[in-house]
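Asks: Data: work_18.cif, mmCIF, C-alpha atoms and all ligand atoms; chains and numbers go by the auth columns.
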data_upload
#
loop_
_atom_site.group_PDB
_atom_site.id
_atom_site.type_symbol
_atom_site.label_atom_id
_atom_site.label_comp_id
_atom_site.label_asym_id
_atom_site.label_seq_id
_atom_site.Cartn_x
_atom_site.Cartn_y
_atom_site.Cartn_z
_atom_site.B_iso_or_equiv
_atom_site.auth_seq_id
_atom_site.auth_asym_id
ATOM 1 C CA MET A 1 0.000 0.000 0.000 0.00 1 A
ATOM 2 C CA GLU A 2 1.176 3.533 -0.851 0.00 2 A
ATOM 3 C CA PRO A 3 1.992 5.642 2.227 0.00 3 A
ATOM 4 C CA GLU A 4 -0.465 8.504 2.788 0.00 4 A
ATOM 5 C CA ASN A 5 0.560 12.020 1.872 0.00 5 A
ATOM 6 C CA ARG A 6 1.227 14.218 4.867 0.00 6 A
ATOM 7 C CA THR A 7 -0.804 17.278 3.975 0.00 7 A
ATOM 8 C CA ILE A 8 -0.882 20.841 5.261 0.00 8 A
ATOM 9 C CA ILE A 9 -3.065 23.707 4.104 0.00 9 A
ATOM 10 C CA VAL A 10 -1.436 27.114 4.510 0.00 10 A
ATOM 11 C CA PHE A 11 -4.066 29.826 4.451 0.00 11 A
ATOM 12 C CA TYR A 12 -4.886 33.492 4.765 0.00 12 A
ATOM 13 C CA SER A 13 -8.480 34.440 5.538 0.00 13 A
ATOM 14 C CA LYS A 14 -9.220 37.883 6.925 0.00 14 A
ATOM 15 C CA HIS A 15 -12.043 39.720 5.162 0.00 15 A
ATOM 16 C CA HIS A 16 -14.954 37.596 6.415 0.00 16 A
ATOM 17 C CA ARG A 17 -13.077 34.359 7.170 0.00 17 A
ATOM 18 C CA ASN A 18 -14.770 32.871 4.113 0.00 18 A
ATOM 19 C CA THR A 19 -11.773 30.791 3.099 0.00 19 A
ATOM 20 C CA GLN A 20 -11.397 29.567 6.658 0.00 20 A
ATOM 21 C CA LEU A 21 -14.863 27.991 6.374 0.00 21 A
ATOM 22 C CA LEU A 22 -13.510 25.795 3.574 0.00 22 A
ATOM 23 C CA VAL A 23 -10.344 24.717 5.336 0.00 23 A
ATOM 24 C CA ASP A 24 -12.086 24.167 8.680 0.00 24 A
ATOM 25 C CA ALA A 25 -14.628 21.896 6.958 0.00 25 A
ATOM 26 C CA ILE A 26 -11.783 19.885 5.428 0.00 26 A
ATOM 27 C CA LYS A 27 -10.056 19.591 8.810 0.00 27 A
ATOM 28 C CA LYS A 28 -13.310 18.467 10.430 0.00 28 A
ATOM 29 C CA ARG A 29 -13.834 15.671 7.917 0.00 29 A
ATOM 30 C CA GLU A 30 -10.186 14.778 7.322 0.00 30 A
ATOM 31 C CA PRO A 31 -8.516 15.362 10.707 0.00 31 A
ATOM 32 C CA ALA A 32 -5.103 14.188 9.500 0.00 32 A
ATOM 33 C CA VAL A 33 -4.655 17.389 7.507 0.00 33 A
ATOM 34 C CA ALA A 34 -2.663 20.120 9.266 0.00 34 A
ATOM 35 C CA LEU A 35 -3.690 23.775 9.028 0.00 35 A
ATOM 36 C CA MET A 36 -1.380 26.758 9.110 0.00 36 A
ATOM 37 C CA ASN A 37 -3.027 30.160 9.418 0.00 37 A
ATOM 38 C CA ILE A 38 -0.242 32.463 8.373 0.00 38 A
ATOM 39 C CA SER A 39 -1.714 35.272 10.464 0.00 39 A
ATOM 40 C CA GLU A 40 -0.942 33.222 13.585 0.00 40 A
ATOM 41 C CA ILE A 41 2.101 31.511 15.035 0.00 41 A
ATOM 42 C CA SER A 42 2.352 27.931 13.791 0.00 42 A
ATOM 43 C CA PRO A 43 4.342 24.936 15.027 0.00 43 A
ATOM 44 C CA TYR A 44 4.697 23.475 11.516 0.00 44 A
ATOM 45 C CA TYR A 45 7.459 23.403 8.920 0.00 45 A
ATOM 46 C CA LEU A 46 6.324 22.971 5.332 0.00 46 A
ATOM 47 C CA SER A 47 9.306 20.756 4.644 0.00 47 A
ATOM 48 C CA ASP A 48 7.748 18.088 6.896 0.00 48 A
ATOM 49 C CA PHE A 49 4.801 17.643 4.496 0.00 49 A
ATOM 50 C CA ASP A 50 4.407 15.953 1.088 0.00 50 A
ATOM 51 C CA ARG A 51 1.411 17.919 -0.082 0.00 51 A
ATOM 52 C CA ILE A 52 0.812 21.613 0.480 0.00 52 A
ATOM 53 C CA GLY A 53 -2.531 23.342 0.000 0.00 53 A
ATOM 54 C CA ILE A 54 -2.461 27.087 -0.509 0.00 54 A
ATOM 55 C CA ALA A 55 -5.748 28.797 0.371 0.00 55 A
ATOM 56 C CA SER A 56 -6.736 32.450 0.372 0.00 56 A
ATOM 57 C CA GLY A 57 -9.385 35.064 -0.189 0.00 57 A
ATOM 58 C CA ILE A 58 -8.770 36.945 -3.413 0.00 58 A
ATOM 59 C CA TYR A 59 -7.408 40.439 -2.911 0.00 59 A
ATOM 60 C CA TYR A 60 -6.980 42.653 -5.975 0.00 60 A
ATOM 61 C CA SER A 61 -7.236 39.584 -8.234 0.00 61 A
ATOM 62 C CA ARG A 62 -4.544 37.663 -6.386 0.00 62 A
ATOM 63 C CA PHE A 63 -3.934 35.417 -3.434 0.00 63 A
ATOM 64 C CA ALA A 64 -3.232 37.525 -0.348 0.00 64 A
ATOM 65 C CA LYS A 65 0.155 39.213 -0.364 0.00 65 A
ATOM 66 C CA PRO A 66 1.273 38.106 3.132 0.00 66 A
ATOM 67 C CA LEU A 67 0.587 34.485 2.157 0.00 67 A
ATOM 68 C CA MET A 68 2.475 34.698 -1.117 0.00 68 A
ATOM 69 C CA LYS A 69 5.376 36.499 0.568 0.00 69 A
ATOM 70 C CA TYR A 70 5.569 33.727 3.130 0.00 70 A
ATOM 71 C CA LEU A 71 5.539 31.056 0.453 0.00 71 A
ATOM 72 C CA GLU A 72 8.175 32.846 -1.637 0.00 72 A
ATOM 73 C CA VAL A 73 10.487 32.229 1.304 0.00 73 A
ATOM 74 C CA HIS A 74 9.195 28.943 2.696 0.00 74 A
ATOM 75 C CA LEU A 75 7.683 26.808 -0.073 0.00 75 A
ATOM 76 C CA PRO A 76 10.110 23.886 -0.424 0.00 76 A
ATOM 77 C CA GLU A 77 11.037 22.325 -3.749 0.00 77 A
ATOM 78 C CA ASN A 78 9.537 19.110 -5.166 0.00 78 A
ATOM 79 C CA LYS A 79 6.263 19.080 -3.207 0.00 79 A
ATOM 80 C CA LYS A 80 2.729 18.492 -4.428 0.00 80 A
ATOM 81 C CA VAL A 81 0.699 21.699 -4.388 0.00 81 A
ATOM 82 C CA PHE A 82 -2.991 22.562 -4.688 0.00 82 A
ATOM 83 C CA ALA A 83 -4.846 25.856 -4.451 0.00 83 A
ATOM 84 C CA MET A 84 -8.150 26.948 -2.906 0.00 84 A
ATOM 85 C CA PHE A 85 -9.796 30.359 -2.849 0.00 85 A
ATOM 86 C CA THR A 86 -12.935 32.350 -2.199 0.00 86 A
ATOM 87 C CA CYS A 87 -13.708 35.528 -4.121 0.00 87 A
ATOM 88 C CA GLY A 88 -16.420 38.157 -4.521 0.00 88 A
ATOM 89 C CA GLN A 89 -16.728 37.440 -8.235 0.00 89 A
ATOM 90 C CA MET A 90 -15.606 34.371 -10.129 0.00 90 A
ATOM 91 C CA ASN A 91 -12.910 34.996 -12.677 0.00 91 A
ATOM 92 C CA SER A 92 -10.178 33.008 -14.305 0.00 92 A
ATOM 93 C CA GLY A 93 -6.559 33.626 -13.480 0.00 93 A
ATOM 94 C CA TYR A 94 -6.723 34.044 -9.692 0.00 94 A
ATOM 95 C CA THR A 95 -4.346 31.123 -9.204 0.00 95 A
ATOM 96 C CA LYS A 96 -1.738 32.341 -11.711 0.00 96 A
ATOM 97 C CA GLY A 97 0.715 33.415 -9.008 0.00 97 A
ATOM 98 C CA VAL A 98 0.379 30.127 -7.124 0.00 98 A
ATOM 99 C CA LYS A 99 0.963 28.101 -10.274 0.00 99 A
ATOM 100 C CA ALA A 100 3.997 30.202 -11.210 0.00 100 A
ATOM 101 C CA LEU A 101 5.505 29.740 -7.756 0.00 101 A
ATOM 102 C CA ALA A 102 4.832 25.992 -7.810 0.00 102 A
ATOM 103 C CA GLU A 103 6.559 25.733 -11.154 0.00 103 A
ATOM 104 C CA LYS A 104 9.518 27.779 -9.916 0.00 104 A
ATOM 105 C CA ARG A 105 9.938 25.328 -7.014 0.00 105 A
ATOM 106 C CA ASN A 106 9.544 22.301 -9.241 0.00 106 A
ATOM 107 C CA CYS A 107 6.338 21.365 -7.400 0.00 107 A
ATOM 108 C CA GLU A 108 3.596 19.285 -8.987 0.00 108 A
ATOM 109 C CA TYR A 109 0.366 21.350 -9.312 0.00 109 A
ATOM 110 C CA LEU A 110 -2.519 19.031 -8.417 0.00 110 A
ATOM 111 C CA GLY A 111 -5.430 21.349 -9.134 0.00 111 A
ATOM 112 C CA GLU A 112 -7.604 24.023 -7.573 0.00 112 A
ATOM 113 C CA TYR A 113 -10.979 24.792 -6.047 0.00 113 A
ATOM 114 C CA GLY A 114 -12.562 28.220 -5.931 0.00 114 A
ATOM 115 C CA CYS A 115 -15.977 29.537 -4.947 0.00 115 A
ATOM 116 C CA LEU A 116 -17.739 32.752 -4.011 0.00 116 A
ATOM 117 C CA GLY A 117 -17.322 34.448 -0.643 0.00 117 A
ATOM 118 C CA PHE A 118 -19.256 37.344 0.925 0.00 118 A
ATOM 119 C CA ASP A 119 -17.570 40.573 -0.148 0.00 119 A
ATOM 120 C CA THR A 120 -18.069 44.000 1.392 0.00 120 A
ATOM 121 C CA PHE A 121 -14.942 45.593 -0.015 0.00 121 A
ATOM 122 C CA GLY A 122 -15.083 49.280 -1.023 0.00 122 A
ATOM 123 C CA PRO A 123 -18.194 50.299 -2.947 0.00 123 A
ATOM 124 C CA PHE A 124 -19.799 46.876 -2.430 0.00 124 A
ATOM 125 C CA LYS A 125 -20.214 47.780 1.238 0.00 125 A
ATOM 126 C CA LEU A 126 -22.657 50.535 0.275 0.00 126 A
ATOM 127 C CA MET A 127 -24.868 47.965 -1.458 0.00 127 A
ATOM 128 C CA GLY A 128 -24.769 45.598 1.516 0.00 128 A
ATOM 129 C CA GLY A 129 -22.046 43.522 -0.092 0.00 129 A
ATOM 130 C CA ILE A 130 -22.030 40.968 -2.894 0.00 130 A
ATOM 131 C CA SER A 131 -22.062 37.184 -2.860 0.00 131 A
ATOM 132 C CA LYS A 132 -24.054 37.192 0.373 0.00 132 A
ATOM 133 C CA GLY A 133 -24.518 33.750 1.874 0.00 133 A
ATOM 134 C CA HIS A 134 -21.331 32.414 0.280 0.00 134 A
ATOM 135 C CA PRO A 135 -19.588 30.136 0.644 0.00 135 A
ATOM 136 C CA SER A 136 -22.825 28.149 0.815 0.00 136 A
ATOM 137 C CA ILE A 137 -23.102 24.689 2.358 0.00 137 A
ATOM 138 C CA THR A 138 -22.871 23.255 -1.156 0.00 138 A
ATOM 139 C CA GLU A 139 -19.697 25.223 -1.854 0.00 139 A
ATOM 140 C CA ILE A 140 -18.162 24.177 1.453 0.00 140 A
ATOM 141 C CA THR A 141 -19.017 20.550 0.726 0.00 141 A
ATOM 142 C CA GLY A 142 -17.498 21.069 -2.716 0.00 142 A
ATOM 143 C CA ALA A 143 -14.227 22.050 -1.083 0.00 143 A
ATOM 144 C CA VAL A 144 -14.217 18.854 0.991 0.00 144 A
ATOM 145 C CA ASP A 145 -15.037 16.782 -2.096 0.00 145 A
ATOM 146 C CA PHE A 146 -12.228 18.488 -4.013 0.00 146 A
ATOM 147 C CA TYR A 147 -9.781 17.718 -1.219 0.00 147 A
ATOM 148 C CA ARG A 148 -10.893 14.095 -1.103 0.00 148 A
ATOM 149 C CA SER A 149 -10.604 13.829 -4.880 0.00 149 A
ATOM 150 C CA LEU A 150 -6.860 14.398 -4.505 0.00 150 A
ATOM 151 C CA GLY A 151 -6.611 11.000 -2.817 0.00 151 A
ATOM 152 C CA LYS A 152 -4.893 9.953 0.383 0.00 152 A
HETATM 153 C C1 LIG B . -9.179 44.611 -0.196 0.00 201 B
HETATM 154 C C2 LIG B . -10.033 43.583 -0.906 0.00 201 B
HETATM 155 C C3 LIG B . -9.830 43.323 -2.246 0.00 201 B
HETATM 156 C C4 LIG B . -10.614 42.361 -2.906 0.00 201 B
HETATM 157 N N1 LIG B . -10.393 42.113 -4.231 0.00 201 B
HETATM 158 C C5 LIG B . -11.167 41.193 -4.873 0.00 201 B
HETATM 159 C C6 LIG B . -10.947 40.899 -6.262 0.00 201 B
HETATM 160 O O1 LIG B . -10.070 41.446 -6.913 0.00 201 B
HETATM 161 N N2 LIG B . -11.773 39.984 -6.853 0.00 201 B
HETATM 162 C C7 LIG B . -12.772 39.338 -6.165 0.00 201 B
HETATM 163 O O2 LIG B . -13.484 38.528 -6.755 0.00 201 B
HETATM 164 N N3 LIG B . -12.967 39.571 -4.833 0.00 201 B
HETATM 165 C C8 LIG B . -12.190 40.471 -4.197 0.00 201 B
HETATM 166 N N4 LIG B . -12.391 40.710 -2.842 0.00 201 B
HETATM 167 C C9 LIG B . -13.408 39.895 -2.119 0.00 201 B
HETATM 168 C C10 LIG B . -12.774 38.700 -1.419 0.00 201 B
HETATM 169 O O3 LIG B . -12.008 37.945 -2.309 0.00 201 B
HETATM 170 C C11 LIG B . -13.848 37.770 -0.831 0.00 201 B
HETATM 171 O O4 LIG B . -14.673 38.472 0.070 0.00 201 B
HETATM 172 C C12 LIG B . -13.181 36.580 -0.156 0.00 201 B
HETATM 173 O O5 LIG B . -14.150 35.602 0.129 0.00 201 B
HETATM 174 C C13 LIG B . -12.468 36.999 1.127 0.00 201 B
HETATM 175 O O6 LIG B . -11.898 35.849 1.700 0.00 201 B
HETATM 176 P P1 LIG B . -11.561 35.763 3.261 0.00 201 B
HETATM 177 O O7 LIG B . -12.811 36.144 4.021 0.00 201 B
HETATM 178 O O8 LIG B . -11.172 34.342 3.449 0.00 201 B
HETATM 179 O O9 LIG B . -10.425 36.713 3.493 0.00 201 B
HETATM 180 C C14 LIG B . -11.624 41.661 -2.186 0.00 201 B
HETATM 181 C C15 LIG B . -11.817 41.940 -0.820 0.00 201 B
HETATM 182 C C16 LIG B . -11.039 42.884 -0.180 0.00 201 B
HETATM 183 C C17 LIG B . -11.274 43.165 1.295 0.00 201 B
#
Using the file provided, produce a representation of the structure as structure tokens.

Replies:
Amino acid sequence: MEPENRTIIVFYSKHHRNTQLLVDAIKKREPAVALMNISEISPYYLSDFDRIGIASGIYYSRFAKPLMKYLEVHLPENKKVFAMFTCGQMNSGYTKGVKALAEKRNCEYLGEYGCLGFDTFGPFKLMGGISKGHPSITEITGAVDFYRSLGK
């Protein structure tokens, strides 16, 4: 039998903790996964894991800067990488920076999962926000299903 991948999800989730809903649901259903909130002190080293999830709210069409800065320094070479995000409006290209970094580190890019997240940034606040009620239960379940689809 193949040994299981040791997996960690490194995440940044500040605006409404939308992305955290996804990673917490994964942790609840797959307790072996480790979580690293890069806004908090963490006991983990990425080098101790085989598979690294990178999860973030989308800020100015990208993954959060503090997360990407951290990974620029700490993402080891030759790992398996996947990406997860929540955003106010779906668009292609949000994971471009993650993919580029994975390639630079010779990491295998396993895939990505993205869904809507409540957004009250800037002018959207005046309208009561957009993507209210997201991520929905279905979207959160979708994140768990995506994670499970990666295999053990
Ligand atoms: C400063 C700022 C910039 C944002 N820029 C975008 C954007 O470019 N595209 C988008 O779809 N959503 C954008 N959003 C909305 C967030 O991506 C969305 O609310 C996300 O779910 C936040 O995730 P979090 O709660 O995990 O931090 C922005 C939100 C903030 C606060």

Asks: Between A:Glu108, A:Glu4, A:Glu139, A:Asp145, which one has atoms that come closest to ligand LIG 201 (chain B), using only C-alpha atoms and all ligand atoms?

Replies: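 The answer is A:Glu139, which sits nearest to ligand LIG 201 (chain B).
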
Asks: Select from chain A every residue with an atom at most 6 Å from any atom of ligand LIG 201 (chain B), then for each give the shortest pair of atoms and their distance in Å to one decimal, using only C-alpha atoms and all ligand atoms, rows by chain and rising number, as CSV.

Replies:
residue,atom,partner,partner_atom,distance
A:Ser13,CA,B:LIG201,O8,3.4
A:Lys14,CA,B:LIG201,O9,3.8
A:His15,CA,B:LIG201,O9,3.8
A:His16,CA,B:LIG201,O7,3.5
A:Arg17,CA,B:LIG201,O7,3.6
A:Asn18,CA,B:LIG201,O7,3.8
A:Thr19,CA,B:LIG201,O8,3.6
A:Gln20,CA,B:LIG201,O8,5.8
A:Ser56,CA,B:LIG201,O8,5.7
A:Gly57,CA,B:LIG201,O6,3.2
A:Ile58,CA,B:LIG201,O3,3.6
A:Tyr59,CA,B:LIG201,N1,3.7
A:Tyr60,CA,B:LIG201,O1,3.4
A:Ser61,CA,B:LIG201,O1,3.6
A:Thr86,CA,B:LIG201,O5,4.2
A:Cys87,CA,B:LIG201,O3,3.5
A:Gly88,CA,B:LIG201,O2,3.7
A:Gln89,CA,B:LIG201,O2,3.7
A:Met90,CA,B:LIG201,O2,5.8
A:Gly117,CA,B:LIG201,O5,3.5
A:Phe118,CA,B:LIG201,O4,4.8
A:Asp119,CA,B:LIG201,O4,3.6
A:Phe121,CA,B:LIG201,C17,4.6

Asks: Expand the PyMOL selection byres (((chain A and resi 68-72) around 10) and not hetatm) into the explicit residue set it covers here, and present it as an MDAnalysis selection string.

Replies: chainID A and resid 10:12 38 46 54 56 62:67 73:76 97:98 101:102 104:105

Asks: Using the selection just defined, write its residues with C-alpha atoms as a compact mmCIF listing (two decimals), keeping the file's coordinate frame.

Replies:
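The resulting file, again-v2.txt, is reproduced below:
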# COMPACT_ATOMS: atom_id res chain seq x y z
CA VAL A 10 -1.44 27.11 4.51
CA PHE A 11 -4.07 29.83 4.45
CA TYR A 12 -4.89 33.49 4.76
CA ILE A 38 -0.24 32.46 8.37
CA LEU A 46 6.32 22.97 5.33
CA ILE A 54 -2.46 27.09 -0.51
CA SER A 56 -6.74 32.45 0.37
CA ARG A 62 -4.54 37.66 -6.39
CA PHE A 63 -3.93 35.42 -3.43
CA ALA A 64 -3.23 37.52 -0.35
CA LYS A 65 0.16 39.21 -0.36
CA PRO A 66 1.27 38.11 3.13
CA LEU A 67 0.59 34.48 2.16
CA VAL A 73 10.49 32.23 1.30
CA HIS A 74 9.20 28.94 2.70
CA LEU A 75 7.68 26.81 -0.07
CA PRO A 76 10.11 23.89 -0.42
CA GLY A 97 0.72 33.42 -9.01
CA VAL A 98 0.38 30.13 -7.12
CA LEU A 101 5.50 29.74 -7.76
CA ALA A 102 4.83 25.99 -7.81
CA LYS A 104 9.52 27.78 -9.92
CA ARG A 105 9.94 25.33 -7.01

Asks: Which residues fall under the PyMOL selection byres (((chain A and resi 21-31) around 8) and not hetatm) in this file, as a list in words?

Replies: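 For this structure, the PyMOL selection byres (((chain A and resi 21-31) around 8) and not hetatm) captures Ile9, Arg17, Asn18, Thr19, Gln20, Ala32, Val33, Ala34, Leu35, Ala55, Pro135, Ile140, Thr141, Ala143, Val144 and Tyr147 of chain A.
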
Asks: If you keep C-alpha atoms, can you produce a file of those selected residues as an mmCIF file, in the coordinates of the input?

Replies:
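So out32.cif came out as:
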data_model
loop_
_atom_site.group_PDB
_atom_site.id
_atom_site.type_symbol
_atom_site.label_atom_id
_atom_site.label_comp_id
_atom_site.auth_asym_id
_atom_site.auth_seq_id
_atom_site.Cartn_x
_atom_site.Cartn_y
_atom_site.Cartn_z
ATOM 1 C CA ILE A 9 -3.065 23.707 4.104
ATOM 2 C CA ARG A 17 -13.077 34.359 7.170
ATOM 3 C CA ASN A 18 -14.770 32.871 4.113
ATOM 4 C CA THR A 19 -11.773 30.791 3.099
ATOM 5 C CA GLN A 20 -11.397 29.567 6.658
ATOM 6 C CA ALA A 32 -5.103 14.188 9.500
ATOM 7 C CA VAL A 33 -4.655 17.389 7.507
ATOM 8 C CA ALA A 34 -2.663 20.120 9.266
ATOM 9 C CA LEU A 35 -3.690 23.775 9.028
ATOM 10 C CA ALA A 55 -5.748 28.797 0.371
ATOM 11 C CA PRO A 135 -19.588 30.136 0.644
ATOM 12 C CA ILE A 140 -18.162 24.177 1.453
ATOM 13 C CA THR A 141 -19.017 20.550 0.726
ATOM 14 C CA ALA A 143 -14.227 22.050 -1.083
ATOM 15 C CA VAL A 144 -14.217 18.854 0.991
ATOM 16 C CA TYR A 147 -9.781 17.718 -1.219
#

Asks: Have a look at A:His134, A:Gly111, A:Tyr44, A:Lys80 and name the one nearest to Thr95 in chain A; count all atoms listed in the file.

Replies: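 When distances to Thr95 in chain A are compared using all atoms listed in the file, the smallest one comes from A:Gly111.
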
Asks: Around range 68-83 of chain A, fit a box with edges along x, y and z, padding it by 6 Å on each side, then list its centre and edge lengths in Å to one decimal as lines of an AutoDock Vina configuration file.

Replies:
center_x = 3.1
center_y = 27.5
center_z = -1.0
size_x = 27.9
size_y = 30.0
size_z = 20.3

Asks: Measuring between all atoms listed in the file, which one of A:Thr120, A:Arg51, A:Asn37, A:Gly114 shows the shortest distance to Gly93 in chain A?

Replies: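 Among the listed residues, the smallest separation from Gly93 in chain A belongs to A:Gly114.
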
Asks: Distance CA of Pro3 in chain A-CA of Asn78 in chain A, one decimal place?

Replies: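 Pair CA of Pro3 in chain A / CA of Asn78 in chain A returns 17.1 Å.
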
Asks: Given all atoms listed in the file as the basis, pick out the residue of A:Cys107, A:Val81, A:Leu150, A:Leu126 nearest to Ile8 in chain A.

Replies: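 Using all atoms listed in the file, the shortest distance to Ile8 in chain A belongs to A:Val81.
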
Asks: What separation in Å, quoted to one decimal, exists between CA of Glu40 in chain A and CA of Ala83 in chain A?

Replies: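 Taking CA of Glu40 in chain A as the start and CA of Ala83 in chain A as the end point, the length is 19.9 Å.
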
Asks: Quick check, in Å to one decimal: how far apart do CA of Tyr94 in chain A and CA of Leu110 in chain A lie?

Replies: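 Distance between the two atoms: 15.6 Å.
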
Asks: Env of Asn5 in chain A: 9 Å cut, atoms = all atoms listed in the file, seq-sep filter 6 positions within chain, self excluded. Answer as a PDB file with C-alpha atoms, in the frame of the given file.

Replies:
ATOM      1  CA  PHE A  49       4.801  17.643   4.496  1.00  0.00           C
ATOM      2  CA  ASP A  50       4.407  15.953   1.088  1.00  0.00           C
ATOM      3  CA  ARG A  51       1.411  17.919  -0.082  1.00  0.00           C
ATOM      4  CA  GLY A 151      -6.611  11.000  -2.817  1.00  0.00           C
ATOM      5  CA  LYS A 152      -4.893   9.953   0.383  1.00  0.00           C
TER       6      LYS A 152
END

Asks: Keeping just N, CA and C atoms, export range 7-30 of chain A of this structure as a tab-separated table (two decimals), in the first residue's frame.

Replies:
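As written to disk, selection-v2.tsv reads:
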chain	number	residue	atom	x	y	z
A	7	THR	N	-0.29	16.07	4.65
A	7	THR	CA	-0.80	17.28	3.98
A	7	THR	C	-0.98	18.43	4.95
A	8	ILE	N	-0.62	19.62	4.49
A	8	ILE	CA	-0.88	20.84	5.26
A	8	ILE	C	-1.55	21.85	4.34
A	9	ILE	N	-2.48	22.59	4.87
A	9	ILE	CA	-3.06	23.71	4.10
A	9	ILE	C	-2.62	25.01	4.79
A	10	VAL	N	-1.91	25.81	4.03
A	10	VAL	CA	-1.44	27.11	4.51
A	10	VAL	C	-2.45	28.14	4.02
A	11	PHE	N	-2.99	28.94	4.92
A	11	PHE	CA	-4.07	29.83	4.45
A	11	PHE	C	-4.03	31.22	5.05
A	12	TYR	N	-4.67	32.10	4.32
A	12	TYR	CA	-4.89	33.49	4.77
A	12	TYR	C	-6.36	33.78	4.57
A	13	SER	N	-7.04	34.19	5.63
A	13	SER	CA	-8.48	34.44	5.54
A	13	SER	C	-8.85	35.53	6.52
A	14	LYS	N	-9.01	36.76	6.02
A	14	LYS	CA	-9.22	37.88	6.93
A	14	LYS	C	-10.55	38.61	6.72
A	15	HIS	N	-10.94	38.79	5.47
A	15	HIS	CA	-12.04	39.72	5.16
A	15	HIS	C	-13.31	39.32	5.93
A	16	HIS	N	-13.81	38.12	5.65
A	16	HIS	CA	-14.95	37.60	6.41
A	16	HIS	C	-14.70	36.17	6.87
A	17	ARG	N	-13.45	35.75	6.84
A	17	ARG	CA	-13.08	34.36	7.17
A	17	ARG	C	-13.82	33.36	6.27
A	18	ASN	N	-14.07	33.75	5.05
A	18	ASN	CA	-14.77	32.87	4.11
A	18	ASN	C	-13.92	31.65	3.77
A	19	THR	N	-12.66	31.88	3.49
A	19	THR	CA	-11.77	30.79	3.10
A	19	THR	C	-11.57	29.83	4.27
A	20	GLN	N	-11.57	30.41	5.47
A	20	GLN	CA	-11.40	29.57	6.66
A	20	GLN	C	-12.55	28.56	6.79
A	21	LEU	N	-13.73	28.94	6.33
A	21	LEU	CA	-14.86	27.99	6.37
A	21	LEU	C	-14.54	26.74	5.55
A	22	LEU	N	-13.86	26.94	4.42
A	22	LEU	CA	-13.51	25.79	3.57
A	22	LEU	C	-12.48	24.92	4.27
A	23	VAL	N	-11.41	25.54	4.77
A	23	VAL	CA	-10.34	24.72	5.34
A	23	VAL	C	-10.76	24.07	6.66
A	24	ASP	N	-11.59	24.77	7.43
A	24	ASP	CA	-12.09	24.17	8.68
A	24	ASP	C	-12.97	22.95	8.39
A	25	ALA	N	-13.77	23.03	7.32
A	25	ALA	CA	-14.63	21.90	6.96
A	25	ALA	C	-13.76	20.70	6.54
A	26	ILE	N	-12.69	20.97	5.84
A	26	ILE	CA	-11.78	19.89	5.43
A	26	ILE	C	-11.15	19.24	6.67
A	27	LYS	N	-10.69	20.09	7.58
A	27	LYS	CA	-10.06	19.59	8.81
A	27	LYS	C	-11.04	18.73	9.63
A	28	LYS	N	-12.30	19.18	9.66
A	28	LYS	CA	-13.31	18.47	10.43
A	28	LYS	C	-13.52	17.06	9.87
A	29	ARG	N	-13.53	16.97	8.54
A	29	ARG	CA	-13.83	15.67	7.92
A	29	ARG	C	-12.59	14.83	7.65
A	30	GLU	N	-11.46	15.49	7.56
A	30	GLU	CA	-10.19	14.78	7.32
A	30	GLU	C	-9.17	15.26	8.36
